[in-house]
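*Asks:* What follows is a structure written as structure tokens; I'll ask about it next.
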Amino acid sequence: MTETELKLRFSSSEESALLEQLRLAGATAVKTEHLAAVYFDTPDLRLRHNDVAVRVRKEADTWVQTVKGKGALESGGVHHREEVNIPVEGPELDRTKLPVVGPLASVFDDRELRDCLAPVVETDVTRRVWTFDSPKGASVEVAVDCGKVRAAGKSRSLHEVEFELLRGEAGELFALATALSDTVTLELERRNKVEQGYALIDPVGVEPVFAALPELDEGMSAEDALRAILTCCLDHFHGNRESVLAGQEEGVHQMRVGIRRLRSCLNVYRQLIPRDVAQPVADETRWLNEALGPVRDLDVFIESIGEVCAAFVDRTGLTRTRNLCREERERRQQELDARLSNVRYHRMVLSMAEWIQNKGWNRDLDAERRAALREPVSRHARRVLARLYKRMIRDGQNFETLTVEEKHALRIRVKRLRYGLQFFNGLYPKASTRPMARALGQLQDDLGVLNDMYVAKALLDGLGVKSGAARALLDGWYGARAAGQEVHAAIAWNHFIEASVPWKRRQR
């Protein structure tokens, strides 16, 4: 069978408040049970690497052996998982009842793997089960789990709530979760229990999350493609939260890129979803970017000062300026951390996920736009990419004579076309998109470097470094570098002009 579930975590201090809010929302308490489970894997964790979990758990007076596939992660944490449940005699793994047919069977074809499965993770939780019937006819089971996860001689506390769809639309999971989050701080939990146990075995640390391309096909509607694209954008920026809180520069960069991609997606669909409909989403990302942008700008600037320091022997003033920037960066990081830990951030992510899952834009659209969203995405992509391409060609005329402001405006056009091509990349043969994608990437990088130089000057002014030897040296270094960068950007522009236009090949 396939499970559809949404998992969130909460603070141990808010357990009572969560249970009270469930009661006030109209949920019915069903039972309270103790669940002790053991997860099995090979010594080299081959099941983990195959995104498969094998568990034996006692449920009431029955032992149940479960095999789960990772399945698909949809917008904002909704999981669709393949799951096989079979009663067994006791707490030991019954290898004869591992899947031999279906999508999970191929993992267990290896007899050596089956023979060396052994306990690796244990969970011990108290589960309070509730049921909730929504006004729209959906039925949701709510499981509030509190307890421990143990592995490798270590343990961590566990406080999470799972919403499992029994009947109806998956969007109803969000409707209930959002209502509860008015009072209780609920954070999306991307990891299941065994993955939290694996983190105790192999604490690899936090890694930045990079953009994923949506899986689109020509038969998909423009609206379904929109959901897939927005899902990737939301998972991209929210997936970097832990990396940003860990102070990783790349995490900051990727979160900022994720927000830009999300805003670009809304722009790509603006003829179907007007600005006023998408404005609440855009406003919330702006609130986050107010704290995120300065940290990223300072990271780039500090790196540039490091390059200048490496080129000059007398760098006392440069070192002083760099230290000043690092202090400012630390202050800005604290402001960013505060926003990422604020209840507003968690509400924002959950609300966006609900908006995507429930196609919230449909509530405010006229019949004509709703009909357009049902059209094949290939038609919409061709129109959008042609429009973005035409405007970019227009704004880039006489490239070498463009002013600083005009190059900045062109850089925004470049990003929109580049992200748009990435969003719809799956609709075209890879060979046909590669030349333009490469040219756009290089042009965005070159124009971005020029923009970083002008941002750096504004940062120096803001920090009070308006004169002196260090300022003169930095201004001179940026000026010399800008001249060379202008040449690189002009070459990249010519490569873009010469690149083939992939969507024109798809016309019928």
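For the structure tokens, the naming scheme is as follows: chains receive sequential letters (A, B, ...) according to their order of presentation, residues are indexed from 1 within each chain, and ligands are indexed from 1 in presentation order.
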Please list as a list in words every residue within 9 Å of Ile259 in chain A, counting only C-alpha atoms and excluding residues in the same chain fewer than 4 positions away.
*Replies:* Cys233, Leu234, His236, Phe237, Gln254, Met255, Arg263, Ser264, Thr285, Arg286, Leu288 and Asn289 of chain A
*Asks:* I want to know what sits within 8 Å of range 17-20 of chain A, based on only C-alpha atoms, with residues of the same chain fewer than 5 positions away left out; could you give that as an NGL selection string?
*Replies:* :A and (180 or 183-184)
*Asks:* Measuring atom to atom with only C-alpha atoms, identify which of A:Ala489, A:Leu200, A:Leu373, A:Leu165 is nearest to Val449 in chain A.
*Replies:*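 For Val449 in chain A, the nearest of the candidates is A:Ala489.
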*Asks:* Apply DSSP to the backbone of this structure and, from range 147-269 of chain A, keep only the residues in alpha helix (DSSP H); write these as a ChimeraX atom specification.
*Replies:* /A:171-180,193-201,222-238,241-245,249-268
*Asks:* Nearest to Gly426 in chain A: which of A:Glu83, A:Gly147, A:Trp503, A:Arg369 is it, counting only C-alpha atoms?
*Replies:*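 Ranked by minimum distance to Gly426 in chain A, first place goes to A:Trp503.
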*Asks:* As an exercise, work out the distance from CA of Ser378 in chain A to CA of Lys430 in chain A in Å and give it to one decimal place.
*Replies:*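 Computed distance, CA of Ser378 in chain A to CA of Lys430 in chain A, equals 15.4 Å.
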*Asks:* Write out as number ranges by chain all residues of range 76-271 of chain A that DSSP puts in strand (DSSP E) for this structure's backbone.
*Replies:* A: 78-88, 118-133, 139-151, 154-167, 187-188
*Asks:* Which residues are near Gly251 in chain A? Cut-off 9 Å, only C-alpha atoms, ignore same chain within fewer than 3 positions. Put them as a list in words.
*Replies:*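 Here the qualifying residues turn out to be Glu207, Pro208, Val209, Phe210, Phe237, Asn240, Arg241, Glu242, Ser243, Val244, Leu245, Ala246, Gly247, Gln248, Gln254, Met255 and Arg256 of chain A.
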*Asks:* Leaving out range 401-414 of chain A and any residue of its chain fewer than 5 positions from it, which residues lie within 8 Å of it when counting only C-alpha atoms, given as a list in words?
*Replies:*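 Residues near the query, excluding close chain neighbours: Leu388, Arg391, Met392, Asp395, Gly396, Leu440, Leu443, Gln444, Leu447, Gly448 and Asn451 of chain A.
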*Asks:* Filtering to C-alpha atoms, could you give me those residues as a JSON list (two decimals), in the first residue's frame?
*Replies:*
[["chain", "number", "residue", "atom", "x", "y", "z"],
["A", 388, "LEU", "CA", 11.55, 36.08, -21.67],
["A", 391, "ARG", "CA", 12.72, 40.87, -23.61],
["A", 392, "MET", "CA", 16.27, 39.86, -22.84],
["A", 395, "ASP", "CA", 17.31, 44.91, -23.04],
["A", 396, "GLY", "CA", 20.74, 43.67, -24.16],
["A", 440, "LEU", "CA", 23.10, 31.94, -19.69],
["A", 443, "LEU", "CA", 26.49, 35.50, -18.54],
["A", 444, "GLN", "CA", 24.77, 35.44, -15.15],
["A", 447, "LEU", "CA", 27.16, 40.12, -14.69],
["A", 448, "GLY", "CA", 26.94, 38.90, -11.11],
["A", 451, "ASN", "CA", 27.14, 43.61, -9.56]]
*Asks:* Would you mind listing what lies within 8 Å of Phe301 in chain A as a PyMOL selection string, with only C-alpha atoms counted and same-chain residues fewer than 4 positions away left out?
*Replies:* chain A and resi 297+305+452+456
*Asks:* So, with only C-alpha atoms as the atoms that count, which of A:Asp366, A:Glu187, A:Asp202, A:Asp299 lies closest to Asn342 in chain A?
*Replies:*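 Looking at the shortest contact to Asn342 in chain A, the residue is A:Glu187.
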*Asks:* When you count only C-alpha atoms, which of these residues is closest to Ser341 in chain A: A:Thr185, A:Val281, A:Ala311, A:Arg261?
*Replies:*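 Of A:Thr185, A:Val281, A:Ala311, A:Arg261, the one nearest Ser341 in chain A, counting only C-alpha atoms, is A:Thr185.
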*Asks:* Give me, as a ChimeraX atom specification, all polymer residues having an atom no more than 12 Å from Pro91 in chain A, counting only C-alpha atoms and skipping those fewer than 6 positions away in the same chain.
*Replies:* /A:36-40,55-59,61-66,119,122
*Asks:* Using only C-alpha atoms, which of A:Val204, A:Ala439, A:Leu188, A:Ala228 sits nearest Ala490 in chain A?
*Replies:*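 Counting only C-alpha atoms, the residue closest to Ala490 in chain A is A:Ala439.
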*Asks:* Show which residues sit within 9 Å of range 213-217 of chain A, as a list in words. Count only C-alpha atoms, and ignore same-chain residues fewer than 6 positions away.
*Replies:*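 Here the answer would be Asp224, Ala225, Ala228, Ile229, Leu230, Thr231, Cys232, Val377, Ser378, Gln422, Phe423, Phe424, Asn425, Gly426 and Leu427 of chain A.
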*Asks:* For the selection just defined, write its residues with C-alpha atoms to a file, as an mmCIF file, in the first residue's frame.
*Replies:*
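The resulting part16.cif:
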data_model
loop_
_atom_site.group_PDB
_atom_site.id
_atom_site.type_symbol
_atom_site.label_atom_id
_atom_site.label_comp_id
_atom_site.auth_asym_id
_atom_site.auth_seq_id
_atom_site.Cartn_x
_atom_site.Cartn_y
_atom_site.Cartn_z
ATOM 1 C CA ASP A 224 0.686 20.363 -12.264
ATOM 2 C CA ALA A 225 4.019 21.602 -13.594
ATOM 3 C CA ALA A 228 6.210 20.488 -9.195
ATOM 4 C CA ILE A 229 8.384 23.562 -9.776
ATOM 5 C CA LEU A 230 7.234 25.371 -6.630
ATOM 6 C CA THR A 231 7.799 22.197 -4.616
ATOM 7 C CA CYS A 232 11.419 22.020 -5.774
ATOM 8 C CA VAL A 377 2.674 22.660 -19.977
ATOM 9 C CA SER A 378 4.548 22.461 -23.307
ATOM 10 C CA GLN A 422 15.809 25.010 -16.002
ATOM 11 C CA PHE A 423 12.204 24.677 -14.838
ATOM 12 C CA PHE A 424 11.069 23.397 -18.257
ATOM 13 C CA ASN A 425 14.289 21.610 -19.133
ATOM 14 C CA GLY A 426 12.646 18.185 -18.982
ATOM 15 C CA LEU A 427 10.395 19.070 -21.920
#
